[in-house]
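Down below is the structure, laid out as structure tokens.
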Amino acid sequence: AQTVTQSQPEMSVQEAETVTLSCTYDTSENNYYLFWYKQPPSRQMILVIRQEAYKQQNATENRFSVNFQKAAKSFSLKISDSQLGDTAMYFCALAAQGGSEKLVFGKGTKLTVNP
Amino acid sequence: GAVVSQHPSRVICKSGTSVKIECRSLDFQATTMFWYRQFPKQSLMLMATSNEGSKATYEQGVEKDKFLINHASLTLSTLTVTSAHPEDSSFYICSARVFGADVGYGYTFGSGTRLTVV
């Protein structure tokens, strides 16, 4: 079974500052993908960043980057130069390859960017 | 690319009636569709996985007779909430796994349906 844990229910950051959201996971599979999704008040799920487990290099997407520590089963998200539009719920998710490949979510972190 | 259209976005129904929610993949074939339920300020809880042409696989604790899932084609999956009751009021989201040269590996989501049972 796959589990995803987000230990920070809420976080806040000042505009233009940097914030890091934590995520740990557990899976017995060797091949899997990790994701960070953003859910703004509209509730549309938006992909922020994706990491393939077999890649050692940390994924980056503009202001968003991850720190993927495979041995520690840690997958944190760093948001640089935070913007007001980054205010949203952020979910860490895991999909193991093989089988149903269902996406398992953490409980989420509510991020507020303050002006 | 890889867009999933979900309808309706909002629905209010009377207790005891049934409601159907549709998810269509617009520009790709969705072999597998996932259905989630989300309570306010909570995470997405997987209800079931549907595969085109076969019976859905329900997660433990989800009533298959109450939440009927049909995936009759590669572009359409439906969730029917039967004999709805106020406790079924929630936000329902569908998702499809996608894989391709342009989108890579991932999951695309419908915009969700807010169901209110009165």
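Residue names in the structure tokens use chain letters A, B, ... in the order shown, residue numbers from 1 in each chain, and ligand numbers from 1 in the order shown.
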Interface rows for chain A against chain B: nearest pair, Å to one decimal, 12 Å, only C-alpha atoms, as CSV:
residue,atom,partner,partner_atom,distance
A:Val4,CA,B:Ser43,CA,11.2
A:Thr5,CA,B:Ser43,CA,11.4
A:Gln6,CA,B:Ser43,CA,10.8
A:Pro9,CA,B:Lys41,CA,10.1
A:Glu10,CA,B:Lys41,CA,11.1
A:Tyr32,CA,B:Tyr105,CA,10.6
A:Tyr33,CA,B:Gly106,CA,8.4
A:Leu34,CA,B:Gly106,CA,9.5
A:Phe35,CA,B:Gly106,CA,8.4
A:Trp36,CA,B:Gly106,CA,11.0
A:Tyr37,CA,B:Tyr107,CA,10.2
A:Lys38,CA,B:Ser43,CA,11.6
A:Gln39,CA,B:Ser43,CA,10.2
A:Pro40,CA,B:Ser111,CA,11.5
A:Pro41,CA,B:Lys41,CA,10.5
A:Ser42,CA,B:Ser111,CA,8.4
A:Arg43,CA,B:Ser111,CA,7.2
A:Gln44,CA,B:Ser111,CA,5.1
A:Met45,CA,B:Phe109,CA,6.2
A:Ile46,CA,B:Phe109,CA,8.1
A:Leu47,CA,B:Thr108,CA,8.3
A:Val48,CA,B:Gly106,CA,11.2
A:Ile49,CA,B:Gly106,CA,10.1
A:Arg50,CA,B:Gly106,CA,8.0
A:Gln51,CA,B:Tyr105,CA,9.9
A:Glu52,CA,B:Tyr105,CA,9.1
A:Ala88,CA,B:Lys41,CA,11.1
A:Met89,CA,B:Lys41,CA,8.8
A:Tyr90,CA,B:Ser43,CA,9.7
A:Phe91,CA,B:Ser43,CA,7.7
A:Cys92,CA,B:Ser43,CA,10.1
A:Ala93,CA,B:Leu44,CA,10.2
A:Leu94,CA,B:Gly106,CA,10.5
A:Ala95,CA,B:Gly106,CA,8.9
A:Ala96,CA,B:Gly106,CA,11.5
A:Gln97,CA,B:Tyr105,CA,10.8
A:Gly99,CA,B:Thr49,CA,11.2
A:Ser100,CA,B:Thr49,CA,7.6
A:Glu101,CA,B:Arg97,CA,8.4
A:Lys102,CA,B:Phe34,CA,7.4
A:Leu103,CA,B:Leu46,CA,8.2
A:Val104,CA,B:Leu46,CA,7.7
A:Phe105,CA,B:Leu44,CA,6.6
A:Gly106,CA,B:Ser43,CA,6.8
A:Lys107,CA,B:Ser43,CA,4.9
A:Gly108,CA,B:Ser43,CA,6.2
A:Thr109,CA,B:Ser43,CA,9.6
A:Lys110,CA,B:Lys41,CA,8.9
Selected residues written out with C-alpha atoms, as a CSV table (one decimal), in the first residue's frame:
chain,number,residue,atom,x,y,z
A,4,VAL,CA,1.6,10.1,1.6
A,5,THR,CA,2.1,12.3,4.7
A,6,GLN,CA,2.0,16.1,4.8
A,9,PRO,CA,-1.7,21.7,7.7
A,10,GLU,CA,-1.2,25.4,7.1
A,32,TYR,CA,6.7,5.4,-9.1
A,33,TYR,CA,6.0,9.0,-9.7
A,34,LEU,CA,5.6,11.8,-7.3
A,35,PHE,CA,3.5,14.9,-7.9
A,36,TRP,CA,2.7,18.2,-6.3
A,37,TYR,CA,-0.8,19.5,-7.2
A,38,LYS,CA,-2.2,22.9,-6.4
A,39,GLN,CA,-5.9,23.4,-5.7
A,40,PRO,CA,-7.0,27.1,-5.7
A,41,PRO,CA,-10.4,28.2,-4.4
A,42,SER,CA,-11.9,27.2,-7.8
A,43,ARG,CA,-11.0,23.6,-6.7
A,44,GLN,CA,-9.5,22.7,-10.1
A,45,MET,CA,-6.6,20.4,-9.6
A,46,ILE,CA,-3.5,21.9,-11.2
A,47,LEU,CA,-0.2,20.0,-11.7
A,48,VAL,CA,2.7,21.9,-10.2
A,49,ILE,CA,5.6,19.6,-10.7
A,50,ARG,CA,6.3,15.9,-11.3
A,51,GLN,CA,9.3,13.6,-10.4
A,52,GLU,CA,10.1,10.2,-11.7
A,88,ALA,CA,-4.0,27.5,-2.5
A,89,MET,CA,-4.1,24.1,-1.1
A,90,TYR,CA,-1.1,22.0,-2.1
A,91,PHE,CA,-1.3,18.2,-2.3
A,92,CYS,CA,1.6,15.8,-2.5
A,93,ALA,CA,0.7,12.6,-4.4
A,94,LEU,CA,2.2,9.3,-5.3
A,95,ALA,CA,1.4,6.9,-8.1
A,96,ALA,CA,3.2,3.5,-8.1
A,97,GLN,CA,3.7,1.8,-11.4
A,99,GLY,CA,-1.4,-2.5,-10.9
A,100,SER,CA,-4.1,0.2,-10.9
A,101,GLU,CA,-1.6,3.0,-10.8
A,102,LYS,CA,-4.0,5.0,-8.7
A,103,LEU,CA,-2.9,8.3,-7.3
A,104,VAL,CA,-2.7,8.6,-3.6
A,105,PHE,CA,-2.9,12.0,-2.0
A,106,GLY,CA,-1.6,13.5,1.2
A,107,LYS,CA,-3.9,15.5,3.4
A,108,GLY,CA,-2.7,18.8,1.9
A,109,THR,CA,-1.1,22.0,3.1
A,110,LYS,CA,-3.0,25.3,2.9
Might you pull out every residue within 6 Å of Phe75 of chain A, with only C-alpha atoms counted and same-chain residues fewer than 4 positions away left off, and present them as a ChimeraX atom specification? /A:23-24,67-68
Restrict the selected residues to N, CA, C and O atoms and save them as a short mmCIF file (atom, residue, chain, number, x, y, z; two decimals), in the first residue's frame.
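File part-v6.cif, as written:
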data_model
loop_
_atom_site.label_atom_id
_atom_site.label_comp_id
_atom_site.auth_asym_id
_atom_site.auth_seq_id
_atom_site.Cartn_x
_atom_site.Cartn_y
_atom_site.Cartn_z
N CYS A 23 6.77 16.75 2.50
CA CYS A 23 5.99 15.56 2.14
C CYS A 23 6.87 14.33 2.33
O CYS A 23 8.03 14.32 1.91
N THR A 24 6.35 13.33 2.98
CA THR A 24 7.02 12.04 3.05
C THR A 24 6.05 10.99 2.52
O THR A 24 4.83 11.19 2.53
N ASN A 67 12.90 18.81 -3.65
CA ASN A 67 14.05 18.14 -3.06
C ASN A 67 13.63 16.70 -2.85
O ASN A 67 12.89 16.38 -1.91
N PHE A 68 14.06 15.85 -3.75
CA PHE A 68 13.66 14.44 -3.75
C PHE A 68 14.76 13.63 -3.09
O PHE A 68 15.88 13.53 -3.62
#
re atom CA of Asn58 of chain A and atom CA of Thr87 of chain A: distance 23.4 Å
Using only C-alpha atoms, pick whichever of B:Val117, B:Val11, B:Ala30, B:Ala84 has the shortest atom-to-atom distance to His71 of chain B.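 Among the listed residues, B:Ala30 lies closest to His71 of chain B.
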Residue nearest Thr82 of chain B among B:Cys94, B:Leu26, B:Leu68, B:Ile12 (counting only C-alpha atoms):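 Smallest separation from Thr82 of chain B among the options: B:Leu68.
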Spatial neighbours of Lys20 of chain B, 10 Å, only C-alpha atoms, chain gap at least 4 places, as a list of chain:residue names: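 Surrounding residues, per the criterion: B:His7, B:Pro8, B:Val11, B:Phe67, B:Leu68, B:Ile69, B:Thr78, B:Leu79, B:Thr80, B:Val81, B:Thr82.
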Figure out the distance between atom CA of Thr3 of chain A and atom CA of Phe64 of chain A, please, to one decimal in Å.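 Computing it gives 23.2 Å between the two atoms.
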So that I can check the surroundings of Met11 of chain A, please list as a list in words every protein, DNA and RNA residue that reaches within 9 Å of it, counting only C-alpha atoms and ignoring chain neighbours fewer than 3 positions away.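 The contact residues come out as Gln8, Val19, Leu21, Thr109, Lys110, Leu111, Thr112 and Val113 of chain A.
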Would you save the residues from that selection as a tab-separated table (two decimals), in the first residue's frame, using N, CA and C atoms?
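again28.tsv, freshly written:
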chain	number	residue	atom	x	y	z
A	8	GLN	N	2.27	19.52	7.55
A	8	GLN	CA	2.01	20.95	7.75
A	8	GLN	C	0.62	21.29	7.25
A	19	VAL	N	9.29	29.54	0.32
A	19	VAL	CA	8.65	28.64	1.29
A	19	VAL	C	8.85	27.20	0.83
A	21	LEU	N	7.35	23.27	1.37
A	21	LEU	CA	6.30	22.40	1.88
A	21	LEU	C	6.84	20.97	1.96
A	109	THR	N	-1.58	20.88	2.33
A	109	THR	CA	-1.08	22.04	3.09
A	109	THR	C	-1.71	23.28	2.52
A	110	LYS	N	-2.36	24.03	3.37
A	110	LYS	CA	-2.96	25.29	2.93
A	110	LYS	C	-1.90	26.38	3.00
A	111	LEU	N	-1.54	26.91	1.84
A	111	LEU	CA	-0.52	27.95	1.77
A	111	LEU	C	-1.18	29.31	1.53
A	112	THR	N	-0.81	30.25	2.35
A	112	THR	CA	-1.29	31.63	2.18
A	112	THR	C	-0.08	32.53	1.93
A	113	VAL	N	-0.15	33.26	0.84
A	113	VAL	CA	0.90	34.23	0.54
A	113	VAL	C	0.37	35.61	0.92
